[in-house]
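J.: Pasting my_file.txt here (compact mmCIF, C-alpha atoms and all ligand atoms):
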# COMPACT_ATOMS: atom_id res chain seq x y z
CA MET A 1 -42.21 59.32 104.95
CA VAL A 2 -40.23 60.03 101.86
CA ASN A 3 -41.76 62.54 99.52
CA THR A 4 -42.30 60.71 96.25
CA THR A 5 -43.93 63.37 94.18
CA ILE A 6 -41.55 65.92 92.77
CA LYS A 7 -42.71 68.96 90.88
CA THR A 8 -41.12 69.08 87.43
CA THR A 9 -43.33 71.58 85.61
CA LYS A 10 -40.46 73.73 84.31
CA SER A 11 -38.44 70.69 83.21
CA GLN A 12 -41.45 69.49 81.23
CA GLU A 13 -42.00 72.88 79.60
CA ILE A 14 -38.38 73.25 78.57
CA PHE A 15 -38.12 69.68 77.28
CA ALA A 16 -41.36 70.04 75.30
CA ALA A 17 -39.97 73.16 73.61
CA ALA A 18 -36.62 71.43 73.02
CA GLN A 19 -38.33 68.65 71.08
CA ASN A 20 -39.29 71.16 68.39
CA LEU A 21 -35.80 72.57 68.21
CA MET A 22 -33.48 69.58 68.40
CA PRO A 23 -33.97 65.93 67.36
CA GLY A 24 -35.50 64.20 70.37
CA GLY A 25 -35.01 67.42 72.34
CA VAL A 26 -31.41 66.58 73.23
CA SER A 27 -27.82 66.94 72.11
CA SER A 28 -27.02 63.26 72.85
CA PRO A 29 -29.54 60.36 72.74
CA VAL A 30 -29.40 58.66 76.17
CA ARG A 31 -30.23 61.96 77.88
CA ALA A 32 -33.80 61.75 76.54
CA PHE A 33 -34.81 58.99 79.05
CA LYS A 34 -36.39 56.99 76.21
CA SER A 35 -35.47 53.61 77.66
CA VAL A 36 -36.61 54.35 81.23
CA GLY A 37 -39.80 56.19 80.33
CA GLY A 38 -40.96 59.52 81.67
CA GLN A 39 -39.54 62.93 80.97
CA PRO A 40 -35.91 63.86 81.46
CA ILE A 41 -35.22 66.52 84.04
CA VAL A 42 -33.58 69.73 82.92
CA PHE A 43 -30.60 70.82 84.99
CA ASP A 44 -29.93 74.29 86.29
CA ARG A 45 -26.64 73.84 88.18
CA VAL A 46 -24.28 71.25 89.64
CA LYS A 47 -21.98 71.29 92.68
CA GLY A 48 -20.05 68.52 94.41
CA ALA A 49 -22.15 65.34 94.48
CA TYR A 50 -25.38 67.21 93.73
CA ILE A 51 -27.43 68.57 90.89
CA TRP A 52 -30.36 70.97 90.96
CA ASP A 53 -33.05 71.01 88.31
CA VAL A 54 -34.87 74.04 86.90
CA ASP A 55 -37.75 73.44 89.35
CA GLY A 56 -35.37 73.65 92.31
CA ASN A 57 -35.25 69.91 93.18
CA GLN A 58 -31.93 68.58 94.47
CA TYR A 59 -30.55 65.14 93.54
CA ILE A 60 -27.54 63.05 94.52
CA ASP A 61 -25.81 62.48 91.19
CA TYR A 62 -24.34 59.15 90.05
CA VAL A 63 -23.81 60.13 86.42
CA GLY A 64 -21.16 62.79 87.00
CA THR A 65 -21.64 64.14 83.48
CA TRP A 66 -20.90 60.55 82.32
CA GLY A 67 -17.60 60.30 84.17
CA PRO A 68 -15.60 63.54 84.09
CA ALA A 69 -16.85 64.87 87.46
CA ILE A 70 -14.61 62.58 89.54
CA CYS A 71 -13.63 65.46 91.87
CA GLY A 72 -17.28 66.40 92.29
CA HIS A 73 -18.98 68.94 90.06
CA ALA A 74 -17.62 72.48 89.83
CA HIS A 75 -14.73 71.82 92.22
CA PRO A 76 -13.67 75.25 93.57
CA GLU A 77 -10.03 74.74 92.54
CA VAL A 78 -11.00 73.76 88.99
CA ILE A 79 -13.35 76.73 88.72
CA ALA A 80 -10.69 79.13 90.07
CA ALA A 81 -8.09 77.81 87.61
CA LEU A 82 -10.60 78.21 84.77
CA HIS A 83 -11.37 81.80 85.80
CA ALA A 84 -7.68 82.65 85.63
CA ALA A 85 -7.22 80.87 82.28
CA LEU A 86 -10.30 82.59 80.83
CA GLU A 87 -8.73 86.00 81.37
CA LYS A 88 -5.99 85.01 78.91
CA GLY A 89 -8.44 83.94 76.19
CA THR A 90 -10.28 80.80 75.20
CA SER A 91 -8.37 79.42 72.24
CA PHE A 92 -5.01 80.15 70.63
CA GLY A 93 -4.95 77.77 67.67
CA ALA A 94 -1.21 77.75 68.31
CA PRO A 95 1.15 75.99 70.73
CA CYS A 96 0.39 76.68 74.39
CA ALA A 97 2.58 75.70 77.37
CA LEU A 98 -0.39 74.12 79.14
CA GLU A 99 -0.41 71.33 76.55
CA ASN A 100 3.09 70.32 77.71
CA VAL A 101 1.93 70.23 81.31
CA LEU A 102 -1.06 67.98 80.66
CA ALA A 103 0.89 65.84 78.19
CA GLU A 104 3.59 65.21 80.80
CA MET A 105 0.99 64.34 83.41
CA VAL A 106 -0.69 61.86 81.06
CA ILE A 107 2.62 60.31 79.99
CA ASN A 108 3.75 59.94 83.61
CA ALA A 109 0.44 58.40 84.63
CA VAL A 110 -0.51 55.97 81.87
CA PRO A 111 1.96 53.08 81.41
CA SER A 112 1.54 52.66 77.62
CA ILE A 113 1.73 56.35 76.73
CA GLU A 114 5.09 57.75 75.60
CA MET A 115 3.59 60.48 73.38
CA VAL A 116 0.12 61.94 73.24
CA ARG A 117 -2.10 63.96 70.86
CA PHE A 118 -5.00 66.02 72.22
CA VAL A 119 -8.36 66.15 70.42
CA ASN A 120 -11.83 67.37 71.43
CA SER A 121 -13.81 64.22 72.29
CA GLY A 122 -13.54 60.51 72.91
CA THR A 123 -15.13 59.89 69.51
CA GLU A 124 -12.36 61.84 67.81
CA ALA A 125 -9.68 60.03 69.79
CA CYS A 126 -11.07 56.65 68.73
CA MET A 127 -11.40 57.69 65.05
CA ALA A 128 -7.79 58.84 65.03
CA VAL A 129 -6.45 55.79 66.83
CA LEU A 130 -8.17 53.55 64.29
CA ARG A 131 -6.49 55.41 61.42
CA LEU A 132 -3.19 55.10 63.25
CA MET A 133 -3.62 51.35 63.82
CA ARG A 134 -4.16 50.91 60.11
CA ALA A 135 -1.38 53.27 59.07
CA PHE A 136 1.18 51.60 61.30
CA THR A 137 0.35 47.97 60.50
CA LYS A 138 -0.64 48.56 56.84
CA ARG A 139 -3.63 46.32 57.55
CA ASP A 140 -7.32 47.30 57.41
CA LYS A 141 -9.28 44.91 59.62
CA ILE A 142 -9.95 45.50 63.29
CA ILE A 143 -11.62 43.49 66.04
CA LYS A 144 -14.06 45.14 68.45
CA PHE A 145 -16.39 43.62 71.03
CA GLU A 146 -20.19 43.51 71.12
CA GLY A 147 -21.55 46.16 73.49
CA CYS A 148 -18.31 48.15 73.60
CA TYR A 149 -18.67 51.79 72.58
CA HIS A 150 -15.87 53.70 70.90
CA GLY A 151 -17.74 56.86 69.92
CA HIS A 152 -20.06 57.35 66.98
CA ALA A 153 -17.70 57.11 64.00
CA ASP A 154 -19.00 54.87 61.17
CA MET A 155 -16.38 52.16 61.56
CA PHE A 156 -17.31 51.56 65.19
CA LEU A 157 -21.11 51.51 64.83
CA VAL A 158 -21.23 47.75 64.70
CA LYS A 159 -22.86 46.06 67.69
CA ALA A 160 -22.04 49.20 69.65
CA GLY A 161 -22.84 50.00 73.26
CA SER A 162 -24.05 53.16 74.99
CA GLY A 163 -27.03 54.86 73.31
CA VAL A 164 -27.09 52.25 70.53
CA ALA A 165 -27.59 49.53 73.16
CA THR A 166 -29.91 51.64 75.29
CA LEU A 167 -32.27 52.33 72.41
CA GLY A 168 -31.93 48.77 71.07
CA LEU A 169 -31.01 50.16 67.67
CA PRO A 170 -29.78 47.96 64.87
CA ASP A 171 -26.55 49.16 63.34
CA SER A 172 -27.23 52.72 62.26
CA PRO A 173 -28.61 53.70 58.86
CA GLY A 174 -26.22 56.00 57.05
CA VAL A 175 -23.25 53.80 57.76
CA PRO A 176 -22.13 52.37 54.40
CA LYS A 177 -21.38 48.65 54.39
CA SER A 178 -17.99 49.49 52.92
CA THR A 179 -16.95 51.36 56.08
CA THR A 180 -17.79 48.49 58.45
CA ARG A 181 -16.70 45.61 56.22
CA ASP A 182 -13.37 45.55 58.01
CA THR A 183 -14.84 45.76 61.53
CA LEU A 184 -14.92 42.23 62.96
CA THR A 185 -16.76 41.58 66.21
CA ALA A 186 -16.54 39.06 69.03
CA ALA A 187 -18.31 38.60 72.35
CA TYR A 188 -16.52 40.30 75.26
CA ASN A 189 -14.50 37.88 77.40
CA ASP A 190 -14.50 35.30 74.56
CA LEU A 191 -10.81 34.73 73.85
CA GLU A 192 -11.52 31.70 71.63
CA ALA A 193 -13.63 33.83 69.29
CA VAL A 194 -10.77 36.33 68.95
CA LYS A 195 -8.34 33.50 68.26
CA THR A 196 -10.61 32.20 65.50
CA LEU A 197 -10.90 35.67 63.92
CA PHE A 198 -7.12 35.98 63.87
CA GLU A 199 -6.79 32.55 62.24
CA GLN A 200 -9.46 33.30 59.63
CA ASN A 201 -7.89 36.67 58.78
CA ARG A 202 -4.19 35.94 58.94
CA ASP A 203 -1.94 39.01 58.47
CA GLU A 204 -5.00 41.18 57.82
CA ILE A 205 -5.89 42.39 61.31
CA ALA A 206 -4.45 45.76 62.36
CA GLY A 207 -5.46 45.34 65.97
CA VAL A 208 -7.96 44.79 68.74
CA ILE A 209 -9.73 47.70 70.44
CA LEU A 210 -11.74 47.32 73.65
CA GLU A 211 -12.97 48.90 76.83
CA PRO A 212 -10.69 47.11 79.33
CA VAL A 213 -13.57 47.34 81.79
CA VAL A 214 -16.87 47.80 79.98
CA GLY A 215 -19.05 50.73 80.99
CA ASN A 216 -21.18 51.16 77.88
CA ALA A 217 -23.12 47.89 78.07
CA GLY A 218 -23.59 48.35 81.79
CA PHE A 219 -20.64 47.58 84.06
CA ILE A 220 -18.80 44.40 82.93
CA THR A 221 -15.35 43.36 84.14
CA PRO A 222 -12.77 41.34 82.21
CA ASP A 223 -12.54 37.68 83.23
CA ALA A 224 -9.19 36.51 84.62
CA GLY A 225 -6.83 35.96 81.70
CA PHE A 226 -8.89 37.85 79.09
CA LEU A 227 -6.71 40.97 78.85
CA GLU A 228 -3.53 38.85 79.13
CA GLY A 229 -4.83 36.59 76.34
CA LEU A 230 -5.52 39.56 74.06
CA ARG A 231 -2.02 40.88 74.72
CA GLU A 232 -0.52 37.51 73.73
CA LEU A 233 -2.72 37.03 70.65
CA THR A 234 -2.00 40.51 69.30
CA HIS A 235 1.76 40.00 69.81
CA GLU A 236 1.61 36.63 68.13
CA HIS A 237 -0.16 38.05 65.05
CA GLY A 238 1.76 41.32 64.71
CA ALA A 239 -1.37 43.29 65.58
CA LEU A 240 -1.83 46.21 67.98
CA LEU A 241 -3.71 46.16 71.27
CA VAL A 242 -5.68 49.33 71.94
CA PHE A 243 -7.34 50.12 75.25
CA ASP A 244 -10.18 52.60 74.94
CA GLU A 245 -9.79 54.20 78.35
CA VAL A 246 -12.01 57.20 77.62
CA MET A 247 -14.11 56.06 80.58
CA THR A 248 -11.66 54.01 82.70
CA GLY A 249 -8.66 56.37 82.35
CA PHE A 250 -7.98 58.09 85.69
CA ARG A 251 -11.25 56.50 86.87
CA ILE A 252 -10.50 52.97 88.06
CA ALA A 253 -6.92 53.91 88.94
CA TYR A 254 -4.76 56.98 88.26
CA GLY A 255 -3.05 55.03 85.45
CA GLY A 256 -6.35 53.53 84.25
CA ALA A 257 -7.21 49.88 83.66
CA GLN A 258 -3.73 49.20 82.29
CA GLU A 259 -2.24 50.10 85.66
CA LYS A 260 -4.97 48.25 87.58
CA PHE A 261 -4.57 45.00 85.60
CA GLY A 262 -0.87 45.32 84.73
CA ILE A 263 -1.41 44.88 80.98
CA THR A 264 0.28 47.39 78.70
CA PRO A 265 -1.48 48.04 75.38
CA ASP A 266 0.29 49.62 72.38
CA LEU A 267 -2.12 52.54 72.13
CA THR A 268 -4.67 54.15 74.46
CA THR A 269 -7.54 56.56 74.00
CA LEU A 270 -8.58 58.98 76.75
CA GLY A 271 -11.30 61.60 77.26
CA LYS A 272 -13.85 62.46 79.93
CA ILE A 273 -11.77 62.93 83.13
CA ILE A 274 -8.73 64.44 81.39
CA GLY A 275 -10.91 67.38 80.31
CA GLY A 276 -12.20 68.00 83.83
CA GLY A 277 -15.68 68.68 82.42
CA LEU A 278 -14.60 70.51 79.26
CA PRO A 279 -14.64 68.88 75.81
CA VAL A 280 -11.46 66.85 75.39
CA GLY A 281 -10.03 63.60 74.13
CA ALA A 282 -6.55 62.21 73.60
CA TYR A 283 -4.75 59.28 72.10
CA GLY A 284 -1.26 58.11 72.81
CA GLY A 285 1.06 55.17 73.07
CA ARG A 286 4.38 53.83 71.87
CA ARG A 287 6.72 56.50 70.55
CA ASP A 288 7.43 54.61 67.30
CA ILE A 289 3.71 54.42 66.54
CA MET A 290 2.85 57.97 67.61
CA SER A 291 5.71 59.28 65.45
CA MET A 292 3.54 58.43 62.44
CA VAL A 293 1.09 61.22 63.35
CA ALA A 294 1.34 64.46 61.32
CA PRO A 295 3.37 66.59 61.25
CA ALA A 296 5.99 64.20 62.73
CA GLY A 297 4.80 61.57 60.26
CA PRO A 298 2.38 61.01 57.37
CA MET A 299 -0.86 60.06 59.19
CA TYR A 300 -3.09 63.12 59.02
CA GLN A 301 -5.18 64.30 61.97
CA ALA A 302 -5.89 67.87 63.09
CA GLY A 303 -8.22 70.08 65.15
CA THR A 304 -9.01 73.81 65.34
CA LEU A 305 -9.74 73.79 69.07
CA SER A 306 -7.48 70.86 70.02
CA GLY A 307 -5.30 71.52 73.07
CA ASN A 308 -7.18 74.72 73.88
CA PRO A 309 -6.12 76.42 77.13
CA LEU A 310 -9.46 76.01 78.91
CA ALA A 311 -9.71 72.25 78.44
CA MET A 312 -6.02 71.86 79.30
CA THR A 313 -6.47 73.91 82.48
CA ALA A 314 -9.48 71.94 83.69
CA GLY A 315 -7.67 68.68 82.93
CA ILE A 316 -4.46 69.69 84.70
CA LYS A 317 -6.28 70.83 87.84
CA THR A 318 -8.43 67.69 87.90
CA LEU A 319 -5.40 65.40 87.64
CA GLU A 320 -3.62 67.42 90.34
CA LEU A 321 -6.57 66.88 92.67
CA LEU A 322 -6.57 63.16 91.85
CA GLN A 323 -2.89 62.88 92.81
CA LYS A 324 -3.65 63.68 96.45
CA PRO A 325 -2.94 60.65 98.65
CA GLY A 326 -5.91 58.46 99.44
CA THR A 327 -8.14 59.64 96.58
CA TYR A 328 -8.63 56.26 94.96
CA ASP A 329 -8.92 54.46 98.31
CA TYR A 330 -11.72 56.82 99.21
CA LEU A 331 -13.47 56.34 95.86
CA ASP A 332 -13.20 52.60 96.27
CA LYS A 333 -14.57 52.72 99.82
CA VAL A 334 -17.68 54.83 99.14
CA THR A 335 -18.44 53.06 95.89
CA LYS A 336 -18.09 49.61 97.47
CA LYS A 337 -20.49 50.67 100.19
CA LEU A 338 -22.95 51.73 97.49
CA ALA A 339 -22.57 48.68 95.22
CA ASP A 340 -22.63 46.15 98.08
CA GLY A 341 -25.54 48.00 99.66
CA LEU A 342 -27.59 47.90 96.45
CA LEU A 343 -27.06 44.14 96.10
CA GLU A 344 -28.00 43.68 99.76
CA VAL A 345 -31.18 45.76 99.45
CA ALA A 346 -32.17 43.85 96.30
CA LYS A 347 -31.67 40.53 98.08
CA GLU A 348 -33.72 41.62 101.10
CA THR A 349 -36.54 42.82 98.87
CA GLY A 350 -36.50 39.71 96.69
CA HIS A 351 -35.08 41.00 93.41
CA ALA A 352 -32.57 39.00 91.38
CA VAL A 353 -29.73 41.36 90.56
CA CYS A 354 -25.98 41.22 90.02
CA GLY A 355 -23.37 43.93 89.93
CA GLY A 356 -20.15 45.29 91.26
CA GLN A 357 -17.65 48.15 91.23
CA ILE A 358 -14.02 49.01 90.70
CA SER A 359 -12.93 52.23 92.32
CA GLY A 360 -15.47 54.94 91.44
CA MET A 361 -17.23 52.99 88.67
CA PHE A 362 -20.16 50.67 89.39
CA GLY A 363 -23.16 48.92 87.94
CA MET A 364 -26.13 46.71 88.70
CA PHE A 365 -28.19 44.54 86.34
CA PHE A 366 -31.73 43.31 87.00
CA THR A 367 -30.78 39.73 86.15
CA PRO A 368 -29.34 36.99 88.41
CA GLY A 369 -26.21 36.98 86.20
CA PRO A 370 -23.37 36.50 86.08
CA VAL A 371 -22.83 39.00 83.26
CA HIS A 372 -19.71 38.33 81.18
CA ASN A 373 -20.79 40.03 77.97
CA TYR A 374 -23.49 42.04 76.23
CA GLU A 375 -25.68 38.97 75.55
CA ASP A 376 -25.79 38.31 79.29
CA ALA A 377 -26.49 41.99 80.01
CA LYS A 378 -29.46 41.93 77.64
CA LYS A 379 -31.17 39.36 79.87
CA SER A 380 -31.82 42.22 82.32
CA ASP A 381 -35.39 43.18 83.12
CA THR A 382 -35.16 46.63 81.57
CA ALA A 383 -38.82 47.43 82.34
CA LYS A 384 -38.09 46.85 86.02
CA PHE A 385 -34.95 48.96 85.75
CA GLY A 386 -37.10 51.74 84.26
CA ARG A 387 -39.45 51.66 87.28
CA PHE A 388 -36.47 51.56 89.65
CA HIS A 389 -34.91 54.52 87.88
CA ARG A 390 -38.10 56.59 88.11
CA GLY A 391 -38.60 55.69 91.78
CA MET A 392 -35.06 56.74 92.60
CA LEU A 393 -35.45 59.99 90.68
CA GLU A 394 -38.57 60.82 92.68
CA ARG A 395 -36.56 60.26 95.86
CA GLY A 396 -33.79 62.61 94.79
CA ILE A 397 -31.32 60.10 93.34
CA TYR A 398 -30.10 60.67 89.79
CA LEU A 399 -28.94 57.44 88.11
CA ALA A 400 -27.94 56.96 84.47
CA PRO A 401 -31.20 56.65 82.55
CA SER A 402 -30.26 53.27 81.06
CA GLN A 403 -29.64 49.71 82.23
CA PHE A 404 -26.68 49.69 79.84
CA GLU A 405 -24.58 52.48 81.35
CA ALA A 406 -22.18 52.31 84.28
CA GLY A 407 -22.59 54.62 87.27
CA PHE A 408 -19.98 56.96 88.71
CA THR A 409 -19.14 58.40 92.10
CA SER A 410 -16.82 61.25 92.98
CA PHE A 411 -14.75 62.03 96.03
CA ALA A 412 -17.44 64.60 96.91
CA HIS A 413 -19.86 61.73 97.66
CA THR A 414 -20.11 61.21 101.43
CA ASP A 415 -21.13 58.26 103.58
CA GLU A 416 -24.42 60.04 104.27
CA ASP A 417 -25.07 60.43 100.54
CA ILE A 418 -24.62 56.68 100.13
CA GLU A 419 -26.84 55.91 103.13
CA GLN A 420 -29.55 58.20 101.78
CA THR A 421 -29.25 56.48 98.38
CA LEU A 422 -29.56 53.01 99.92
CA ALA A 423 -32.58 54.08 101.98
CA ALA A 424 -34.23 55.33 98.79
CA ALA A 425 -33.33 52.07 97.00
CA ARG A 426 -34.89 50.04 99.82
CA ASP A 427 -38.04 52.09 99.58
CA VAL A 428 -38.26 51.75 95.79
CA MET A 429 -37.34 48.07 95.59
CA SER A 430 -39.93 47.17 98.23
CA SER A 431 -42.60 48.58 95.95
CA LEU A 432 -41.36 47.19 92.59
C1 LIG A 501 -17.69 58.20 76.23
C2 LIG A 501 -16.89 57.21 75.50
C3 LIG A 501 -16.45 57.44 74.19
C4 LIG A 501 -16.87 58.64 73.38
O1 LIG A 501 -16.45 59.83 73.94
P1 LIG A 501 -17.23 61.21 73.53
O2 LIG A 501 -16.44 62.26 74.23
O3 LIG A 501 -18.63 61.04 74.02
O4 LIG A 501 -17.16 61.32 72.06
C5 LIG A 501 -15.61 56.51 73.60
N1 LIG A 501 -15.23 55.41 74.27
C6 LIG A 501 -15.64 55.14 75.52
C7 LIG A 501 -15.17 53.92 76.21
C8 LIG A 501 -16.49 56.03 76.17
O5 LIG A 501 -16.93 55.74 77.40
Produce structure tokens that represent the structure in this file.
T.:
Amino acid sequence: MVNTTIKTTKSQEIFAAAQNLMPGGVSSPVRAFKSVGGQPIVFDRVKGAYIWDVDGNQYIDYVGTWGPAICGHAHPEVIAALHAALEKGTSFGAPCALENVLAEMVINAVPSIEMVRFVNSGTEACMAVLRLMRAFTKRDKIIKFEGCYHGHADMFLVKAGSGVATLGLPDSPGVPKSTTRDTLTAAYNDLEAVKTLFEQNRDEIAGVILEPVVGNAGFITPDAGFLEGLRELTHEHGALLVFDEVMTGFRIAYGGAQEKFGITPDLTTLGKIIGGGLPVGAYGGRRDIMSMVAPAGPMYQAGTLSGNPLAMTAGIKTLELLQKPGTYDYLDKVTKKLADGLLEVAKETGHAVCGGQISGMFGMFFTPGPVHNYEDAKKSDTAKFGRFHRGMLERGIYLAPSQFEAGFTSFAHTDEDIEQTLAAARDVMSSL
């Protein structure tokens, strides 16, 4: 018999206190478990594929701090490198040789990137890339897709994914109409809609930004020809193509989605994995475009802690570990076993679901599907997902607390971890 009652007294105490101290008791909305019901658990420590909460319960983790923990949490080599870096100080606010090392690694890995600028988060990277798109093309309008998330800057909070989708929020109050007037939206995978927007706004569109594989509206893959079509349309209209690879970069392949699908955008944003668990973001791309960034060029963007030695160190060590032969094959193998297994279990227990994976990124919707865009994703039975999520949690499996977030594995996840997860899923789904 599986033990289905976990003791979470301390988690509850700490979260109750947190609610008086911080809005919703959290530092980022999805963490509050609002869409799945029940109380969030409060973590004490993480290691490899596992997390331990403040009550001492152990879970197999499929959130991986939302993507960065691709080598497993607290990898001993990353921790050792950080210890050594720490001895030399935490921030210089001046050039540091480690920036060159990580910059070279990123440039060598990501096909579109010839020059890179480091920032402190994915949000910052996306804000800066938007300014750069506009500066370079001297045009103001951009196209984004419904359900795609590009951080929380005003201009992107239009039909956004992630927490905005999870909480079912309308576009956020506090975002002036004037800042989103130039943000045009289309359904993901709808090339015709993009074509129409380009025709209706001739010579006014700076570029198209997208998650090349969506992770912030649940896991949604690009249809055959979609990325190619966007590349052609942007060329045709003198606009830029920007891949937001904050999630997919170094995740679905070492060179990201652009390597996986063989489509080279003009600019790319990165984050998550390249910080190895420390706060980081980056944007990069064609040399002629990046040369517009200050102080090489006139487009202003800066950061007190940008390129700090700790984040650079964790990023460098993480990418080094990812370069080992077989890494991505292994990620693909364990994750396929998990994703296929979940679909199989759902079928056996009579639940209509759809889903899939690419490398160490996966997802499953409680709808028969197929899911090509956010509208399709919203047909999911989110109440059922909530019960599934809680059941899994009680059996020691930590999934993203939202139907509209992708899941992540690491190369610390073993076959046994997957088997244990599938056994728990069978148990939960039989009782849904
Ligand atoms: C996480 C994410 C962001 C935002 O990054 P933060 O570091 O949370 O600011 C932007 N774009 C995508 C695709 C993301 O997954």
J.: Show me which residues are within 9 Å of ligand LIG 501 (chain A) counting only C-alpha atoms and all ligand atoms, and format the list as an NGL selection string.
T.: :A and (28 or 66-67 or 120-126 or 148-152 or 162 or 210-216 or 243-248 or 269-272 or 279-281)
J.: Counting all atoms listed in the file, which residue out of A:Val26, A:Ile316, A:Asp55, A:Arg286 sits closest to Glu99 of chain A?
T.: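 Of all the options, A:Ile316 lies closest to Glu99 of chain A.
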J.: Would you work out the distance separating atom CA of Ile142 of chain A from atom CA of Leu184 of chain A, expressed in Å to one decimal?
T.: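 About the pair atom CA of Ile142 of chain A and atom CA of Leu184 of chain A: they are 6.0 Å apart.
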J.: Looking at all atoms listed in the file, which of A:Thr221, A:Thr318, A:Thr196, A:Gln403 is the one that sits closest to Cys71 of chain A?
T.: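 Once distances to Cys71 of chain A are computed over all atoms listed in the file, the minimum belongs to A:Thr318.
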J.: Between A:Gln200, A:Thr234, A:Thr65, A:Thr313, which is the closest to Ala97 of chain A once you count only C-alpha atoms?
T.: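 Closest to Ala97 of chain A of all the choices is A:Thr313.
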J.: Take atom CA of Gln301 of chain A and atom CA of Gly285 of chain A and report the distance between them in Å, one decimal.
T.: 15.7 Å
J.: Name all residues at most 12 Å from Asp376 of chain A (count all atoms listed in the file; drop same-chain ones fewer than 3 positions away) and give them as an mmCIF file with C-alpha atoms, in the coordinates of the input.
T.:
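Everything below was put into result33.cif:
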data_model
loop_
_atom_site.group_PDB
_atom_site.id
_atom_site.type_symbol
_atom_site.label_atom_id
_atom_site.label_comp_id
_atom_site.auth_asym_id
_atom_site.auth_seq_id
_atom_site.Cartn_x
_atom_site.Cartn_y
_atom_site.Cartn_z
ATOM 1 C CA GLU A 146 -20.190 43.510 71.120
ATOM 2 C CA GLY A 147 -21.550 46.160 73.490
ATOM 3 C CA ALA A 187 -18.310 38.600 72.350
ATOM 4 C CA TYR A 188 -16.520 40.300 75.260
ATOM 5 C CA ASN A 189 -14.500 37.880 77.400
ATOM 6 C CA ALA A 217 -23.120 47.890 78.070
ATOM 7 C CA GLY A 218 -23.590 48.350 81.790
ATOM 8 C CA PHE A 219 -20.640 47.580 84.060
ATOM 9 C CA ILE A 220 -18.800 44.400 82.930
ATOM 10 C CA CYS A 354 -25.980 41.220 90.020
ATOM 11 C CA PHE A 365 -28.190 44.540 86.340
ATOM 12 C CA PHE A 366 -31.730 43.310 87.000
ATOM 13 C CA THR A 367 -30.780 39.730 86.150
ATOM 14 C CA PRO A 368 -29.340 36.990 88.410
ATOM 15 C CA GLY A 369 -26.210 36.980 86.200
ATOM 16 C CA PRO A 370 -23.370 36.500 86.080
ATOM 17 C CA VAL A 371 -22.830 39.000 83.260
ATOM 18 C CA HIS A 372 -19.710 38.330 81.180
ATOM 19 C CA ASN A 373 -20.790 40.030 77.970
ATOM 20 C CA LYS A 379 -31.170 39.360 79.870
ATOM 21 C CA SER A 380 -31.820 42.220 82.320
ATOM 22 C CA ASP A 381 -35.390 43.180 83.120
ATOM 23 C CA PHE A 404 -26.680 49.690 79.840
#
J.: Have a look at A:Thr264, A:Thr421, A:Ser410, A:Thr5 and name the one nearest to Leu322 of chain A; count all atoms listed in the file.
T.: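 Result for the nearest residue to Leu322 of chain A: A:Ser410.
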J.: How close does each residue of segment 192-265 of chain A get to segment 329-338 of chain A, giving the shortest atom pair and distance in Å to one decimal for every residue with an atom at most 10 Å away, counting only C-alpha atoms, sorted by chain and residue number, as a Markdown table?
T.:
| residue | atom | partner | partner_atom | distance |
| --- | --- | --- | --- | --- |
| A:Arg251 | CA | A:Leu331 | CA | 9.3 |
| A:Ile252 | CA | A:Asp332 | CA | 8.7 |
| A:Ala253 | CA | A:Asp329 | CA | 9.6 |
J.: Between atom CA of Gly64 of chain A and atom CA of Phe408 of chain A, measure the distance and give it in Å to one decimal.
T.: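 Rounded to one decimal, the two atoms are 6.2 Å apart.
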J.: Considering all atoms listed in the file, state which residue in the set A:Ala383, A:Asp154, A:Ser178, A:Ala239 is at the smallest distance from Pro401 of chain A.
T.: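 Closest to Pro401 of chain A, using all atoms listed in the file: A:Ala383.
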J.: What lies within 10 Å of Ala85 of chain A using only C-alpha atoms, ignoring chain neighbours under 5 positions off, as a list in words?
T.: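 Returned residues: Ile79, Ala80, Thr90, Pro309, Leu310, Ala311, Met312, Thr313 and Ala314 of chain A.
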J.: Take the point (-10.5, 45.6, 61.9) as written in the file and pick out every residue within 10 Å of it, counting only C-alpha atoms; give the list as an MDAnalysis selection string.
T.: chainID A and resid 130 133:134 139:144 155:156 180:185 201 204:209
J.: Counting all atoms listed in the file, which residue out of A:Lys177, A:Arg387, A:Arg45, A:Arg117 sits closest to Gly307 of chain A?
T.: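 Using all atoms listed in the file, Gly307 of chain A sits closest to A:Arg117.
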J.: With all atoms listed in the file as the counted atoms, please give the residues lying no more than 12 Å from Arg395 of chain A, apart from itself and same-chain residues fewer than 4 positions off, as a VMD selection string.
T.: chain A and resid 1 to 7 57 to 61 388 to 391 399 420 to 428
J.: So which residues touch Gly56 of chain A within 12 Å, counting all atoms listed in the file, skipping near sequence neighbours fewer than 4 positions away, as a PyMOL selection string?
T.: chain A and resi 6-11+41-46+50-52+396
J.: Would you save the residues of that selection, restricted to C-alpha atoms, as a JSON list (two decimals), keeping the file's coordinate frame?
T.:
[["chain", "number", "residue", "atom", "x", "y", "z"],
["A", 6, "ILE", "CA", -41.55, 65.92, 92.77],
["A", 7, "LYS", "CA", -42.71, 68.96, 90.88],
["A", 8, "THR", "CA", -41.12, 69.08, 87.43],
["A", 9, "THR", "CA", -43.33, 71.58, 85.61],
["A", 10, "LYS", "CA", -40.46, 73.73, 84.31],
["A", 11, "SER", "CA", -38.44, 70.69, 83.21],
["A", 41, "ILE", "CA", -35.22, 66.52, 84.04],
["A", 42, "VAL", "CA", -33.58, 69.73, 82.92],
["A", 43, "PHE", "CA", -30.60, 70.82, 84.99],
["A", 44, "ASP", "CA", -29.93, 74.29, 86.29],
["A", 45, "ARG", "CA", -26.64, 73.84, 88.18],
["A", 46, "VAL", "CA", -24.28, 71.25, 89.64],
["A", 50, "TYR", "CA", -25.38, 67.21, 93.73],
["A", 51, "ILE", "CA", -27.43, 68.57, 90.89],
["A", 52, "TRP", "CA", -30.36, 70.97, 90.96],
["A", 396, "GLY", "CA", -33.79, 62.61, 94.79]]
